[in-house]
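So this one's target_8.cif, mmCIF, C-alpha atoms:
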data_protein
loop_
_atom_site.label_atom_id
_atom_site.label_comp_id
_atom_site.auth_asym_id
_atom_site.auth_seq_id
_atom_site.Cartn_x
_atom_site.Cartn_y
_atom_site.Cartn_z
CA MET A 244 -163.65 7.75 56.18
CA ASN A 245 -163.58 4.92 58.70
CA VAL A 246 -163.25 5.37 62.44
CA LEU A 247 -159.63 4.22 62.79
CA PRO A 248 -157.99 6.49 60.16
CA PHE A 249 -160.23 9.40 61.23
CA SER A 250 -159.16 9.01 64.86
CA LEU A 251 -155.48 8.80 63.90
CA VAL A 252 -155.63 11.90 61.69
CA LEU A 253 -157.55 13.75 64.41
CA CYS A 254 -155.00 12.70 67.05
CA LEU A 255 -152.05 13.87 64.93
CA THR A 256 -153.80 17.19 64.20
CA SER A 257 -154.48 17.59 67.93
CA ILE A 258 -150.83 16.95 68.79
CA PHE A 259 -149.94 19.73 66.36
CA ALA A 260 -152.60 22.02 67.87
CA GLY A 261 -151.30 21.33 71.39
CA LEU A 262 -147.74 22.01 70.25
CA LEU A 263 -148.82 25.26 68.60
CA GLY A 264 -150.83 26.23 71.68
CA ALA A 265 -147.84 25.73 73.96
CA LEU A 266 -145.34 27.50 71.70
CA THR A 267 -147.54 30.57 71.15
CA GLY A 268 -148.85 30.56 74.71
CA LEU A 269 -152.42 30.57 73.37
CA GLY A 270 -153.41 27.14 74.67
CA GLY A 271 -154.74 24.24 72.62
CA GLY A 272 -158.44 25.16 72.81
CA VAL A 273 -158.44 28.28 70.64
CA ILE A 274 -156.68 26.31 67.90
CA ILE A 275 -158.55 22.98 68.07
CA VAL A 276 -162.09 24.46 67.84
CA PRO A 277 -161.65 26.22 64.47
CA THR A 278 -159.63 23.25 63.18
CA LEU A 279 -162.44 20.82 64.04
CA CYS A 280 -165.14 23.12 62.62
CA LEU A 281 -163.40 24.26 59.45
CA LEU A 282 -161.20 21.28 58.50
CA PHE A 283 -163.11 18.31 59.91
CA LYS A 284 -166.58 19.90 59.45
CA VAL A 285 -167.53 18.96 63.01
CA ASP A 286 -170.59 20.61 64.56
CA LEU A 287 -169.60 23.61 66.70
CA HIS A 288 -171.09 22.23 69.93
CA TYR A 289 -169.21 18.94 69.57
CA ALA A 290 -166.03 20.91 68.81
CA ILE A 291 -166.27 23.07 71.94
CA GLY A 292 -167.07 19.95 73.99
CA ALA A 293 -163.94 18.14 72.83
CA SER A 294 -161.90 21.31 73.25
CA LEU A 295 -163.04 21.96 76.83
CA VAL A 296 -161.91 18.48 77.82
CA SER A 297 -158.48 19.02 76.28
CA VAL A 298 -158.22 22.42 78.03
CA ILE A 299 -158.69 20.80 81.46
CA ALA A 300 -156.08 18.16 80.60
CA THR A 301 -153.50 20.73 79.46
CA SER A 302 -154.00 22.97 82.48
CA SER A 303 -153.68 20.14 85.02
CA GLY A 304 -150.89 18.39 83.10
CA ALA A 305 -148.70 21.49 83.12
CA ALA A 306 -149.37 22.27 86.78
CA ALA A 307 -146.49 20.37 88.37
CA ALA A 308 -143.95 22.23 86.23
CA TYR A 309 -145.47 25.60 87.14
CA VAL A 310 -145.44 24.82 90.86
CA ARG A 311 -141.70 24.15 90.63
CA GLU A 312 -141.13 27.62 89.15
CA GLY A 313 -142.75 29.14 92.22
CA TYR A 314 -144.49 32.15 90.70
CA SER A 315 -148.15 31.20 90.93
CA ASN A 316 -150.19 32.68 93.75
CA ILE A 317 -152.89 30.37 95.19
CA ARG A 318 -154.80 33.09 97.06
CA ILE A 319 -155.10 35.42 94.09
CA GLY A 320 -156.02 32.43 91.92
CA MET A 321 -158.67 31.14 94.32
CA PHE A 322 -160.19 34.60 94.83
CA LEU A 323 -160.49 35.24 91.10
CA GLU A 324 -161.85 31.72 90.49
CA VAL A 325 -165.04 32.86 92.21
CA ALA A 326 -165.51 35.22 89.23
CA THR A 327 -164.34 32.84 86.48
CA THR A 328 -166.45 29.88 87.64
CA LEU A 329 -169.59 32.03 87.94
CA GLY A 330 -168.85 33.37 84.45
CA ALA A 331 -168.30 29.84 83.16
CA LEU A 332 -171.75 28.77 84.37
CA LEU A 333 -173.28 31.71 82.47
CA GLY A 334 -171.18 30.95 79.39
CA ALA A 335 -172.15 27.26 79.36
CA TYR A 336 -175.80 28.24 79.68
CA LEU A 337 -175.43 30.64 76.75
CA THR A 338 -174.11 27.88 74.45
CA ALA A 339 -177.65 26.54 74.30
CA THR A 340 -179.26 29.90 73.51
CA VAL A 341 -176.79 31.87 71.38
CA PRO A 342 -176.92 30.81 67.68
CA ALA A 343 -173.86 28.86 66.48
CA ASP A 344 -173.00 31.51 63.87
CA TRP A 345 -172.71 34.21 66.54
CA ILE A 346 -170.55 31.93 68.66
CA GLY A 347 -168.30 31.53 65.60
CA VAL A 348 -167.94 35.28 65.16
CA ILE A 349 -167.22 35.83 68.88
CA PHE A 350 -164.71 32.99 68.66
CA GLY A 351 -162.90 34.63 65.74
CA VAL A 352 -162.65 37.95 67.56
CA VAL A 353 -161.29 36.30 70.74
CA LEU A 354 -158.81 34.36 68.60
CA LEU A 355 -157.57 37.57 66.95
CA TYR A 356 -157.20 39.25 70.33
CA SER A 357 -155.31 36.25 71.72
CA ALA A 358 -152.93 36.16 68.74
CA TRP A 359 -152.25 39.87 69.16
CA THR A 360 -151.43 39.55 72.86
CA SER A 361 -149.14 36.58 72.25
CA LEU A 362 -146.99 38.67 69.92
CA ARG A 363 -146.77 41.57 72.35
CA LYS A 364 -143.57 41.67 74.35
CA PRO A 365 -144.10 40.87 78.01
CA PRO A 366 -144.41 44.34 79.52
CA THR A 367 -141.76 45.26 82.03
CA VAL A 368 -143.98 47.24 84.36
CA GLY A 369 -142.30 47.71 87.69
CA THR A 370 -144.41 46.21 90.44
CA SER A 371 -146.10 49.12 92.11
CA LEU A 372 -146.48 49.16 95.85
CA LYS A 373 -149.52 51.36 96.19
CA TRP A 374 -150.94 49.18 98.98
CA ASP A 375 -154.48 49.18 97.68
CA PRO A 376 -156.40 48.73 100.98
CA LEU A 377 -158.91 46.30 99.44
CA ALA A 378 -156.13 44.14 98.01
CA VAL A 379 -154.33 44.11 101.35
CA LYS A 380 -157.53 43.15 103.19
CA LEU A 381 -158.08 40.31 100.71
CA LYS A 382 -154.41 39.26 100.98
CA LEU A 383 -153.91 39.65 97.23
CA ARG A 384 -150.17 39.97 97.42
CA GLY A 385 -147.06 37.88 97.39
CA PHE A 386 -143.40 37.62 96.55
CA SER A 387 -142.02 36.93 93.13
CA PRO A 388 -138.45 35.74 92.62
CA VAL A 389 -136.71 38.44 90.57
CA ALA A 390 -133.00 38.04 89.87
CA GLY A 391 -132.34 35.91 92.92
CA LYS A 392 -134.27 37.95 95.47
CA ASN A 393 -137.92 38.06 96.40
CA GLU A 394 -139.74 41.17 95.28
CA GLN A 395 -143.03 42.00 96.91
CA TYR A 396 -146.14 42.83 94.90
CA VAL A 397 -149.70 43.90 95.76
CA ALA A 398 -152.69 43.77 93.42
CA GLU A 399 -154.40 46.96 92.21
CA ASN A 400 -157.85 47.67 90.74
CA VAL A 401 -159.38 44.61 92.35
CA PRO A 402 -163.04 45.20 91.33
CA ALA A 403 -162.10 45.78 87.65
CA GLY A 404 -159.87 42.69 87.62
CA PHE A 405 -162.65 40.63 89.18
CA GLY A 406 -165.10 41.91 86.55
CA ILE A 407 -162.81 41.04 83.63
CA MET A 408 -162.29 37.59 85.15
CA PHE A 409 -166.05 37.09 85.06
CA VAL A 410 -165.96 37.91 81.33
CA ALA A 411 -163.01 35.53 80.86
CA GLY A 412 -165.03 32.78 82.56
CA THR A 413 -168.06 33.49 80.36
CA LEU A 414 -165.93 33.25 77.21
CA SER A 415 -164.39 30.02 78.48
CA GLY A 416 -167.81 28.44 79.04
CA LEU A 417 -169.27 29.77 75.79
CA LEU A 418 -166.36 28.85 73.52
CA GLY A 419 -164.90 25.78 75.22
CA ILE A 420 -161.49 27.43 75.59
CA GLY A 421 -159.24 28.36 78.51
CA SER A 422 -159.34 32.09 77.61
CA GLY A 423 -155.88 32.47 79.12
CA ALA A 424 -155.27 35.68 77.16
CA VAL A 425 -158.20 37.46 78.87
CA LYS A 426 -157.17 36.10 82.29
CA VAL A 427 -153.64 37.39 81.82
CA LEU A 428 -155.07 40.76 80.69
CA ALA A 429 -157.00 41.05 83.96
CA MET A 430 -154.05 40.14 86.16
CA ASP A 431 -151.12 41.70 84.36
CA GLN A 432 -152.62 44.82 82.74
CA VAL A 433 -155.43 45.68 85.15
CA MET A 434 -154.33 44.32 88.53
CA LYS A 435 -150.66 45.14 87.75
CA LEU A 436 -149.34 41.78 88.89
CA PRO A 437 -145.91 40.64 87.65
CA PHE A 438 -146.17 38.99 84.21
CA LYS A 439 -144.85 35.59 85.36
CA VAL A 440 -147.25 35.56 88.31
CA SER A 441 -150.14 36.32 85.93
CA THR A 442 -149.35 33.64 83.37
CA THR A 443 -148.69 30.82 85.84
CA THR A 444 -151.64 31.67 88.10
CA SER A 445 -153.82 31.85 84.98
CA ASN A 446 -152.77 28.30 84.03
CA PHE A 447 -154.15 26.92 87.29
CA MET A 448 -157.35 28.93 86.99
CA ILE A 449 -158.02 27.60 83.48
CA GLY A 450 -158.68 24.03 84.68
CA VAL A 451 -160.96 25.07 87.52
CA THR A 452 -162.88 27.45 85.24
CA ALA A 453 -163.35 24.80 82.55
CA ALA A 454 -164.49 22.23 85.14
CA ALA A 455 -167.38 24.58 86.05
CA SER A 456 -168.93 24.32 82.57
CA ALA A 457 -168.08 20.62 82.06
CA GLY A 458 -171.24 19.49 83.87
CA TRP A 459 -173.47 21.45 81.53
CA TYR A 460 -171.53 20.16 78.52
CA PHE A 461 -171.96 16.56 79.68
CA ASN A 462 -175.68 16.95 80.43
CA HIS A 463 -176.37 18.51 77.07
CA GLY A 464 -174.45 15.87 75.15
CA TYR A 465 -171.67 18.15 73.80
CA ILE A 466 -168.99 15.67 74.88
CA LEU A 467 -168.79 12.76 72.40
CA PRO A 468 -166.38 10.13 73.76
CA GLY A 469 -165.27 8.96 70.31
CA LEU A 470 -164.42 12.50 69.25
CA ALA A 471 -163.08 13.84 72.56
CA MET A 472 -160.71 10.87 73.06
CA PRO A 473 -158.20 11.54 70.22
CA VAL A 474 -158.48 15.31 70.76
CA MET A 475 -157.77 15.18 74.49
CA LEU A 476 -154.87 12.72 74.23
CA GLY A 477 -153.39 14.56 71.24
CA VAL A 478 -153.58 18.08 72.67
CA LEU A 479 -152.18 16.89 76.02
CA ALA A 480 -149.24 15.14 74.35
CA GLY A 481 -148.61 18.10 72.03
CA SER A 482 -148.63 20.67 74.82
CA LEU A 483 -146.27 18.62 76.98
CA ILE A 484 -143.84 18.29 74.04
CA GLY A 485 -144.29 21.99 73.28
CA SER A 486 -143.41 23.10 76.80
CA ARG A 487 -140.21 21.00 76.63
CA ILE A 488 -139.18 22.62 73.33
CA LEU A 489 -140.03 26.05 74.69
CA VAL A 490 -137.31 25.78 77.32
CA ASN A 491 -134.55 25.18 74.78
CA ALA A 492 -135.57 26.88 71.55
CA GLN A 493 -135.56 30.34 70.09
CA VAL A 494 -139.22 30.64 69.20
CA GLU A 495 -139.58 34.23 68.05
CA THR A 496 -139.73 33.39 64.31
CA LEU A 497 -141.96 30.38 64.94
CA ARG A 498 -144.33 32.58 66.90
CA TRP A 499 -144.70 34.97 63.98
CA VAL A 500 -145.34 32.18 61.48
CA PHE A 501 -147.92 30.56 63.74
CA SER A 502 -149.61 33.82 64.57
CA ILE A 503 -150.17 34.53 60.88
CA ALA A 504 -151.75 31.07 60.54
CA ILE A 505 -153.95 31.83 63.52
CA VAL A 506 -155.10 35.15 62.04
CA GLY A 507 -156.13 33.13 58.97
CA LEU A 508 -158.14 30.69 61.11
CA ALA A 509 -159.81 33.59 62.94
CA ALA A 510 -160.77 35.33 59.69
CA GLU A 511 -162.22 32.07 58.31
CA MET A 512 -164.18 31.54 61.53
CA ILE A 513 -165.67 35.05 61.41
CA TYR A 514 -166.46 34.68 57.70
CA SER A 515 -168.15 31.30 58.23
CA GLY A 516 -170.19 32.76 61.06
CA LEU A 517 -171.27 35.83 59.11
CA THR A 518 -172.29 33.74 56.09
CA GLY A 519 -174.23 31.35 58.32
CA ARG A 520 -172.24 28.20 57.65
CA LEU A 521 -171.49 27.04 61.18
CA MET B 220 -148.20 35.82 104.74
CA ARG B 221 -147.25 32.28 105.56
CA SER B 222 -145.33 31.61 102.41
CA ARG B 223 -143.73 28.31 103.53
CA GLU B 224 -147.09 26.69 104.23
CA ASP B 225 -148.47 28.14 100.99
CA LYS B 226 -145.58 26.57 99.13
CA ARG B 227 -146.31 23.18 100.70
CA LEU B 228 -149.98 23.46 99.79
CA GLN B 229 -149.05 24.37 96.22
CA ILE B 230 -146.71 21.44 95.85
CA ALA B 231 -149.40 19.08 97.17
CA MET B 232 -151.86 20.56 94.65
CA GLY B 233 -149.34 20.21 91.83
CA HIS B 234 -148.71 16.53 92.58
CA MET B 235 -152.43 15.84 92.86
CA LEU B 236 -153.14 17.53 89.50
CA ARG B 237 -150.44 15.53 87.76
CA PHE B 238 -151.62 12.31 89.38
CA GLY B 239 -155.26 12.96 88.39
CA THR B 240 -154.34 13.83 84.81
CA THR B 241 -152.20 10.70 84.46
CA ILE B 242 -155.00 8.45 85.76
CA ALA B 243 -157.61 10.18 83.58
CA ALA B 244 -155.45 10.05 80.44
CA SER B 245 -154.72 6.33 81.07
CA ILE B 246 -158.44 5.51 81.41
CA VAL B 247 -159.24 7.50 78.25
CA PHE B 248 -156.39 5.76 76.43
CA VAL B 249 -157.63 2.27 77.39
CA GLY B 250 -161.20 3.26 76.49
CA GLY B 251 -159.92 4.66 73.21
CA ALA B 252 -158.13 1.42 72.32
CA LEU B 253 -161.32 -0.49 73.15
CA TYR B 254 -163.33 1.96 71.04
CA LEU B 255 -161.09 1.45 68.01
CA VAL B 256 -161.45 -2.32 68.41
CA GLN B 257 -165.26 -2.17 68.82
CA PHE B 258 -166.02 0.30 66.01
CA HIS B 259 -164.86 -0.37 62.45
CA GLY B 260 -167.50 1.31 60.34
CA PRO B 261 -167.55 4.79 58.84
CA VAL B 262 -167.23 7.84 61.10
CA PRO B 263 -170.53 8.73 62.79
CA ASP B 264 -172.26 11.94 61.73
CA TYR B 265 -170.34 14.65 63.59
CA GLN B 266 -171.56 17.38 61.24
CA HIS B 267 -175.00 17.69 62.74
CA PHE B 268 -175.80 17.97 66.40
CA HIS B 269 -177.69 15.03 67.91
CA GLY B 270 -176.19 15.03 71.41
CA ALA B 271 -174.13 12.25 72.97
CA SER B 272 -175.85 8.95 73.73
CA SER B 273 -177.11 8.38 77.26
CA SER B 274 -174.30 5.89 78.04
CA SER B 275 -171.89 8.81 78.22
CA ARG B 276 -174.21 11.44 79.69
CA SER B 277 -175.46 10.34 83.08
CA LEU B 278 -173.23 9.13 85.86
CA GLY B 279 -175.26 5.97 86.51
CA ALA B 280 -175.23 4.85 82.88
CA MET B 281 -171.56 5.72 82.64
CA VAL B 282 -170.60 3.57 85.62
CA SER B 283 -172.69 0.58 84.55
CA GLY B 284 -171.31 0.89 81.00
CA PHE B 285 -167.81 1.09 82.45
CA PHE B 286 -168.17 -2.35 84.03
CA ASP B 287 -169.66 -3.75 80.81
CA PHE B 288 -166.49 -2.59 78.99
CA ASP B 289 -168.56 -0.30 76.81
CA SER B 290 -165.76 1.76 75.27
CA GLN B 291 -167.70 5.05 75.15
CA SER B 292 -168.60 4.77 78.83
CA VAL B 293 -164.97 4.03 79.71
CA ILE B 294 -163.80 7.14 77.83
CA ALA B 295 -166.56 9.25 79.40
CA PHE B 296 -165.58 7.94 82.84
CA GLY B 297 -161.96 8.93 82.20
CA ILE B 298 -163.12 12.42 81.20
CA LEU B 299 -165.14 12.56 84.42
CA VAL B 300 -161.98 11.76 86.43
CA LEU B 301 -160.26 14.55 84.49
CA VAL B 302 -163.01 17.04 85.43
CA ALA B 303 -162.80 15.92 89.06
CA THR B 304 -159.07 16.75 89.21
CA PRO B 305 -159.34 20.58 89.38
CA VAL B 306 -162.38 20.17 91.68
CA CYS B 307 -160.07 18.21 94.01
CA ARG B 308 -157.56 21.03 93.83
CA VAL B 309 -160.19 23.43 95.19
CA LEU B 310 -161.04 20.89 97.92
CA PHE B 311 -157.32 20.87 98.83
CA GLY B 312 -157.68 24.66 99.14
CA VAL B 313 -160.58 24.35 101.60
CA VAL B 314 -158.62 21.88 103.75
CA GLY B 315 -155.24 23.58 103.41
CA PHE B 316 -156.48 27.07 104.29
CA SER B 317 -158.49 25.67 107.21
CA LEU B 318 -155.31 24.04 108.56
CA GLN B 319 -153.58 27.41 108.25
CA ARG B 320 -156.54 28.94 110.13
CA ASP B 321 -157.03 31.29 107.21
CA ARG B 322 -160.81 31.51 107.57
CA MET B 323 -161.27 33.99 104.77
CA TYR B 324 -159.58 31.81 102.15
CA ALA B 325 -161.12 28.60 103.48
CA ALA B 326 -164.46 30.35 102.81
CA VAL B 327 -163.38 31.60 99.37
CA SER B 328 -162.31 28.04 98.41
CA ALA B 329 -165.59 26.65 99.74
CA ALA B 330 -167.49 29.18 97.60
CA VAL B 331 -165.58 28.11 94.47
CA LEU B 332 -166.24 24.45 95.36
CA ALA B 333 -169.97 25.17 95.77
CA ILE B 334 -170.10 26.87 92.34
CA LEU B 335 -168.28 23.92 90.75
CA LEU B 336 -170.60 21.34 92.33
CA MET B 337 -173.58 23.41 91.23
CA GLY B 338 -172.27 23.33 87.67
CA ILE B 339 -171.68 19.59 87.79
CA PHE B 340 -174.82 18.41 89.54
CA ALA B 341 -177.46 21.01 88.69
CA ARG B 342 -180.07 19.67 86.27
CA ARG B 343 -182.21 21.94 84.22
#
Target format structure tokens, applied to this file:
Amino acid sequence: MNVLPFSLVLCLTSIFAGLLGALTGLGGGVIIVPTLCLLFKVDLHYAIGASLVSVIATSSGAAAAYVREGYSNIRIGMFLEVATTLGALLGAYLTATVPADWIGVIFGVVLLYSAWTSLRKPPTVGTSLKWDPLAVKLKLRGFSPVAGKNEQYVAENVPAGFGIMFVAGTLSGLLGIGSGAVKVLAMDQVMKLPFKVSTTTSNFMIGVTAAASAGWYFNHGYILPGLAMPVMLGVLAGSLIGSRILVNAQVETLRWVFSIAIVGLAAEMIYSGLTGRL
Amino acid sequence: MRSREDKRLQIAMGHMLRFGTTIAASIVFVGGALYLVQFHGPVPDYQHFHGASSSSRSLGAMVSGFFDFDSQSVIAFGILVLVATPVCRVLFGVVGFSLQRDRMYAAVSAAVLAILLMGIFARR
């Protein structure tokens, strides 16, 4: 295939991946990497390079909308970014040492986990006010607008949350994804932050985390301009369209259909890794 | 908790992120159009890893290629602007928290900035 048709097909596929990522809440990265590897037969390192670029674009592009909603917490985000960026450096370093087939298997497992969490109903845990002294000292608290009034929340289990964030960062750097699902797990399940605060704060953290491994990716030649260009523009456009649709549409059925497709991609990724074809 | 000042800082960060992404996407788009004009042949070998060419790897080569209208350097430069956008957000944090006299969070932001710069500039 020639460059022009290839780029157009890749751009259209990326728009679809970005759309899917926004509608399922998974993000474009976890969908574009297996698509590039399995459908376009692109080398795994090139795929994660192109994906990481699109992840930064999506995170920053959606930021203005999230600020308007007023849920995200900059202090909690900044504090946890210490863990995710350190993890991202480790993850990027590991891309050069861990065999591609293993990366594929890890990718499949993370994809399955992400699909499972996206189907789960947002838990309605009441915000606890246990006043964890460490969280108070670190100012890991805030107000979240609930039904017209501001409800106060304070983080719990700070060391465990910080540790899981390090893992989320490592996965982001190793797989070229935002690993939003693991970040939300740390904030919402472990640190007991309100769900909306977790998801919006996680969106901001994704860009900063991905930027930490971008240097390594550039230096090691994972980022091919000709390949990254249609992927980045496509995923960005798709995710912006997706977030518009999300506001108006009933997406429950769509989510199920997409999640089944994603389980298929994950299984194929694990199978390809195990049979040494990546 | 100074939530009003936090809100202002967040809005500034949000505008900056959108601005940076728009600039970066525009540069990549122009570079992409140039790329499609310059390259007509079959798709390069993406199946096997060779690493990107030097014109899109080092900052110096990228900048000189940018002014030569080398499409790959232009795209790579746009991606670099994209990477710089969240780094700028952290820089906003350092400045914003300092203005609020929140020493602890000015230091936390500075630590994140240091890690990011290490990732971007460290050579191995």
For Gly260 in chain B: contacts at 12 Å, all atoms listed in the file, fewer than 5 positions along chain excluded, given as a ChimeraX atom specification: /A:244-249 /B:254-255
With a distance cut-off of 12 Å and all atoms listed in the file, select the neighbouring residues of Leu318 in chain B, excluding the residue or stretch itself and same-chain residues fewer than 5 positions from it, and output the selection as number ranges by chain. B: 221, 224-225, 227-228, 311-313, 324-325
Reference answer for the PyMOL selection byres ((chain A) within 7 of (chain B)), as a compact mmCIF listing (two decimals) with C-alpha atoms, in the coordinates of the input:
# COMPACT_ATOMS: atom_id res chain seq x y z
CA MET A 244 -163.65 7.75 56.18
CA ASN A 245 -163.58 4.92 58.70
CA VAL A 246 -163.25 5.37 62.44
CA LEU A 247 -159.63 4.22 62.79
CA LYS A 284 -166.58 19.90 59.45
CA VAL A 285 -167.53 18.96 63.01
CA ASP A 286 -170.59 20.61 64.56
CA ILE A 299 -158.69 20.80 81.46
CA ALA A 300 -156.08 18.16 80.60
CA SER A 303 -153.68 20.14 85.02
CA GLY A 304 -150.89 18.39 83.10
CA ALA A 306 -149.37 22.27 86.78
CA ALA A 307 -146.49 20.37 88.37
CA VAL A 310 -145.44 24.82 90.86
CA MET A 321 -158.67 31.14 94.32
CA PHE A 322 -160.19 34.60 94.83
CA GLU A 324 -161.85 31.72 90.49
CA VAL A 325 -165.04 32.86 92.21
CA THR A 328 -166.45 29.88 87.64
CA LEU A 329 -169.59 32.03 87.94
CA LEU A 332 -171.75 28.77 84.37
CA GLY A 450 -158.68 24.03 84.68
CA VAL A 451 -160.96 25.07 87.52
CA ALA A 454 -164.49 22.23 85.14
CA ALA A 455 -167.38 24.58 86.05
CA SER A 456 -168.93 24.32 82.57
CA ALA A 457 -168.08 20.62 82.06
CA GLY A 458 -171.24 19.49 83.87
CA TRP A 459 -173.47 21.45 81.53
CA PHE A 461 -171.96 16.56 79.68
CA ASN A 462 -175.68 16.95 80.43
CA HIS A 463 -176.37 18.51 77.07
CA GLY A 464 -174.45 15.87 75.15
CA TYR A 465 -171.67 18.15 73.80
CA ILE A 466 -168.99 15.67 74.88
CA LEU A 467 -168.79 12.76 72.40
CA PRO A 468 -166.38 10.13 73.76
CA GLY A 469 -165.27 8.96 70.31
CA MET A 472 -160.71 10.87 73.06
CA LEU A 476 -154.87 12.72 74.23
6 Å contact set for range 256-263 of chain A, all atoms listed in the file, chain neighbours under 5 positions out, as a PyMOL selection string: chain A and resi 271+274+474+477-478+481-482+485
Keeping only C-alpha atoms, write those residues as a short mmCIF file (atom, residue, chain, number, x, y, z; two decimals), in the coordinates of the input.
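Result file is again.cif:
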data_model
loop_
_atom_site.label_atom_id
_atom_site.label_comp_id
_atom_site.auth_asym_id
_atom_site.auth_seq_id
_atom_site.Cartn_x
_atom_site.Cartn_y
_atom_site.Cartn_z
CA GLY A 271 -154.74 24.24 72.62
CA ILE A 274 -156.68 26.31 67.90
CA VAL A 474 -158.48 15.31 70.76
CA GLY A 477 -153.39 14.56 71.24
CA VAL A 478 -153.58 18.08 72.67
CA GLY A 481 -148.61 18.10 72.03
CA SER A 482 -148.63 20.67 74.82
CA GLY A 485 -144.29 21.99 73.28
#
Output of the PyMOL selection byres ((chain A and resi 408) around 8), listed as JSON, numbers by chain: {"A": [323, 324, 326, 327, 330, 404, 405, 406, 407, 409, 410, 411, 412, 425, 426, 429]}
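Note that CA of Tyr356 in chain A and CA of Ile513 in chain A are 13.0 Å apart.
One finds CA of Gly315 in chain B at 18.6 Å from CA of Arg311 in chain A.
Note that CA of Val276 in chain A and CA of Asp289 in chain B are 27.1 Å apart.
Considering all atoms listed in the file, the residue among A:Met448, A:Val252, A:Leu355, A:Ala398 positioned nearest to Ala509 in chain A is A:Leu355.
With only C-alpha atoms as the atoms that count, the residue of A:Gln395, A:Leu377, A:Leu337, A:Tyr314 with the shortest distance to Ser441 in chain A is A:Tyr314.
The smallest atom-to-atom distance between Val440 in chain A and any of A:Ser315, A:Thr278, A:Ser250, A:Ser297, using all atoms listed in the file, is found for A:Ser315.
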In terms of all atoms listed in the file, the residue from A:Leu253, A:Ala510, A:Ile349, A:Ala265 at minimal distance from Ala290 in chain A is A:Leu253
Starting from the displayed file, determine the output of the PyMOL selection byres ((chain A and resi 443) around 12) and express the residue list as an NGL selection string. :A and (268 or 302-303 or 305-317 or 319-320 or 387 or 423-424 or 426-427 or 430-431 or 436-442 or 444-449)
Which residues are near Arg363 in chain A? Cut-off 12 Å, only C-alpha atoms, ignore same chain within fewer than 3 positions. Put them as a list in words. Thr267, Gly268, Tyr356, Ser357, Ala358, Trp359, Thr360, Pro366, Thr367, Ala424, Leu428, Glu495, Arg498, Trp499 and Ser502 of chain A
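Counting all atoms listed in the file, the residue from A:Val352, A:Val389, A:Leu414, A:Ile484 that sits nearest to Glu511 in chain A is A:Val352.
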Draw an axis-aligned box tight on the listed atoms of range 232-237 of chain B, then pad every side by 8 Å and write out centre and edge lengths in Å to one decimal as JSON.
{"center_x": -150.9, "center_y": 18.0, "center_z": 91.2, "size_x": 20.4, "size_y": 21.0, "size_z": 22.9}
